[in-house]
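> Here it is, the structure in full.
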Amino acid sequence: MYVLSSNLDVLYKERMNKMQLLILILKQIDLIDKILPQLAEEGIKGGTILEGSGMAKSLRDLHDTPMFGMLRHLAEEDGFEASKVMMFVLDDNRAVVARNTIKKAVDLRAANTGIMFSLPITYVEGLGEN
């Protein structure tokens, strides 16, 4: 009976602290300098930032023909395909704060700016909390 009670306590605690994986894929990478300080100001300092590239670049690389070589070179110089992928593991309340902060800093409705979404997390370990 002790094990069952302990498992129920853990299950209850997990349900009380619902978590989300907030993901922002930022195509206008220069905007990251605007977003990060505002998130830090709101107390959101833990996250991961990855370098990304779009599917168009991968498709272009697959069809590596001399005719498109110059176009590829120009696109890479402009950073056309570069993106930043920002990921945050946050409880529901902090996820709302992060989303609102990002929306204040960046107009995601503008074309080719980026996309933001979140996914529910059913299990997380390693956040440094007891």
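Residue numbers start at 1 in each chain; chains themselves are named A, B, ... in the order of the structure tokens; ligands are numbered from 1 in the order shown.
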For segment 19-22 of chain A, list every protein, DNA or RNA residue within 12 Å, evaluated using only C-alpha atoms, and leave out those in the same chain fewer than 3 positions away; present the list as a ChimeraX atom specification.

/A:13-16,25,44,46-49,85-100,102,115-125,127

> Let me see the file: selected residues, N, CA and C atoms, as a compact mmCIF listing (two decimals), in the first residue's frame.


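And here's result-v3.txt as it stands now:
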# COMPACT_ATOMS: atom_id res chain seq x y z
N LYS A 13 1.45 15.32 -7.98
CA LYS A 13 2.39 16.42 -8.09
C LYS A 13 2.67 16.76 -9.56
N GLU A 14 2.81 15.72 -10.40
CA GLU A 14 3.05 15.95 -11.83
C GLU A 14 1.88 16.67 -12.47
N ARG A 15 0.66 16.31 -12.07
CA ARG A 15 -0.52 16.96 -12.66
C ARG A 15 -0.66 18.40 -12.21
N MET A 16 -0.23 18.68 -10.99
CA MET A 16 -0.33 20.04 -10.48
C MET A 16 0.66 20.97 -11.18
N ILE A 25 10.78 29.20 -33.71
CA ILE A 25 11.68 29.10 -34.85
C ILE A 25 11.70 30.48 -35.49
N ILE A 44 12.90 34.58 -17.34
CA ILE A 44 13.03 33.37 -18.16
C ILE A 44 14.43 33.37 -18.74
N GLY A 46 16.44 30.20 -18.67
CA GLY A 46 16.86 28.86 -19.07
C GLY A 46 16.20 28.47 -20.38
N GLY A 47 16.99 28.04 -21.30
CA GLY A 47 16.47 27.60 -22.59
C GLY A 47 17.62 27.12 -23.45
N THR A 48 17.28 26.65 -24.61
CA THR A 48 18.29 26.17 -25.55
C THR A 48 18.07 26.88 -26.88
N ILE A 49 19.17 27.31 -27.50
CA ILE A 49 19.11 27.95 -28.81
C ILE A 49 19.95 27.13 -29.77
N VAL A 85 16.44 28.29 -33.49
CA VAL A 85 15.39 27.51 -32.85
C VAL A 85 15.57 27.66 -31.34
N MET A 86 14.60 28.28 -30.71
CA MET A 86 14.66 28.50 -29.26
C MET A 86 13.66 27.55 -28.60
N MET A 87 14.12 26.85 -27.56
CA MET A 87 13.26 25.89 -26.86
C MET A 87 13.33 26.16 -25.36
N PHE A 88 12.16 26.14 -24.74
CA PHE A 88 12.06 26.39 -23.31
C PHE A 88 11.13 25.35 -22.68
N VAL A 89 11.55 24.76 -21.57
CA VAL A 89 10.69 23.89 -20.78
C VAL A 89 10.17 24.74 -19.63
N LEU A 90 8.86 24.99 -19.64
CA LEU A 90 8.27 25.92 -18.68
C LEU A 90 6.96 25.37 -18.13
N ASP A 91 6.62 25.77 -16.90
CA ASP A 91 5.28 25.42 -16.43
C ASP A 91 4.28 26.30 -17.19
N ASP A 92 3.02 25.93 -17.10
CA ASP A 92 1.99 26.62 -17.89
C ASP A 92 2.00 28.13 -17.71
N ASN A 93 2.14 28.58 -16.47
CA ASN A 93 2.11 30.03 -16.20
C ASN A 93 3.30 30.74 -16.82
N ARG A 94 4.49 30.16 -16.68
CA ARG A 94 5.69 30.78 -17.25
C ARG A 94 5.65 30.73 -18.78
N ALA A 95 5.02 29.69 -19.34
CA ALA A 95 4.89 29.60 -20.80
C ALA A 95 4.05 30.75 -21.34
N VAL A 96 3.00 31.11 -20.63
CA VAL A 96 2.16 32.24 -21.04
C VAL A 96 2.97 33.53 -20.99
N VAL A 97 3.74 33.70 -19.93
CA VAL A 97 4.59 34.90 -19.80
C VAL A 97 5.59 34.96 -20.96
N ALA A 98 6.23 33.83 -21.27
CA ALA A 98 7.22 33.79 -22.35
C ALA A 98 6.57 34.09 -23.70
N ARG A 99 5.43 33.49 -23.96
CA ARG A 99 4.73 33.75 -25.24
C ARG A 99 4.38 35.22 -25.38
N ASN A 100 3.81 35.79 -24.33
CA ASN A 100 3.43 37.21 -24.39
C ASN A 100 4.64 38.11 -24.57
N ILE A 102 7.51 37.31 -26.04
CA ILE A 102 7.99 37.14 -27.42
C ILE A 102 7.09 37.89 -28.39
N ILE A 115 7.81 31.21 -36.36
CA ILE A 115 6.64 30.49 -35.88
C ILE A 115 6.90 30.10 -34.42
N MET A 116 5.84 30.15 -33.62
CA MET A 116 5.94 29.79 -32.22
C MET A 116 4.81 28.82 -31.89
N PHE A 117 5.14 27.77 -31.15
CA PHE A 117 4.14 26.81 -30.72
C PHE A 117 4.62 26.12 -29.46
N SER A 118 3.71 25.44 -28.79
CA SER A 118 4.10 24.69 -27.59
C SER A 118 3.49 23.30 -27.63
N LEU A 119 4.15 22.41 -26.93
CA LEU A 119 3.71 21.02 -26.82
C LEU A 119 3.63 20.66 -25.34
N PRO A 120 2.62 19.89 -24.95
CA PRO A 120 2.56 19.47 -23.55
C PRO A 120 3.67 18.46 -23.25
N ILE A 121 4.21 18.56 -22.06
CA ILE A 121 5.25 17.63 -21.61
C ILE A 121 4.63 16.73 -20.56
N THR A 122 4.74 15.44 -20.77
CA THR A 122 4.19 14.50 -19.80
C THR A 122 5.22 14.05 -18.78
N TYR A 123 6.50 14.28 -19.08
CA TYR A 123 7.55 13.90 -18.14
C TYR A 123 8.74 14.80 -18.37
N VAL A 124 9.35 15.23 -17.28
CA VAL A 124 10.58 16.01 -17.37
C VAL A 124 11.43 15.72 -16.14
N GLU A 125 12.72 15.66 -16.36
CA GLU A 125 13.66 15.44 -15.26
C GLU A 125 14.91 16.25 -15.59
N LEU A 127 15.56 19.54 -14.26
CA LEU A 127 15.40 21.00 -14.22
C LEU A 127 16.07 21.61 -12.99

> Using only C-alpha atoms, can you tell me which of A:Asp33, A:Thr101, A:Lys27, A:Glu42 comes closest to Glu81 of chain A?

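Once distances to Glu81 of chain A are computed over only C-alpha atoms, the minimum belongs to A:Lys27.
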
> Which residue out of A:Gln28, A:Asn112, A:Ser83, A:Pro37 has the minimum interatomic distance to Leu50 of chain A when only C-alpha atoms are used?

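Closest candidate: A:Ser83.
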
> For atom CA of Leu39 of chain A and atom CA of Ala105 of chain A, determine how far apart the two atoms are, in Å to one decimal place.

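Separation of atom CA of Leu39 of chain A and atom CA of Ala105 of chain A: 9.5 Å.
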
> Report, in Å with one decimal, the straight-line distance from atom CA of Ala82 of chain A to atom CA of Thr113 of chain A.

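Separating atom CA of Ala82 of chain A from atom CA of Thr113 of chain A is a distance of 11.6 Å.
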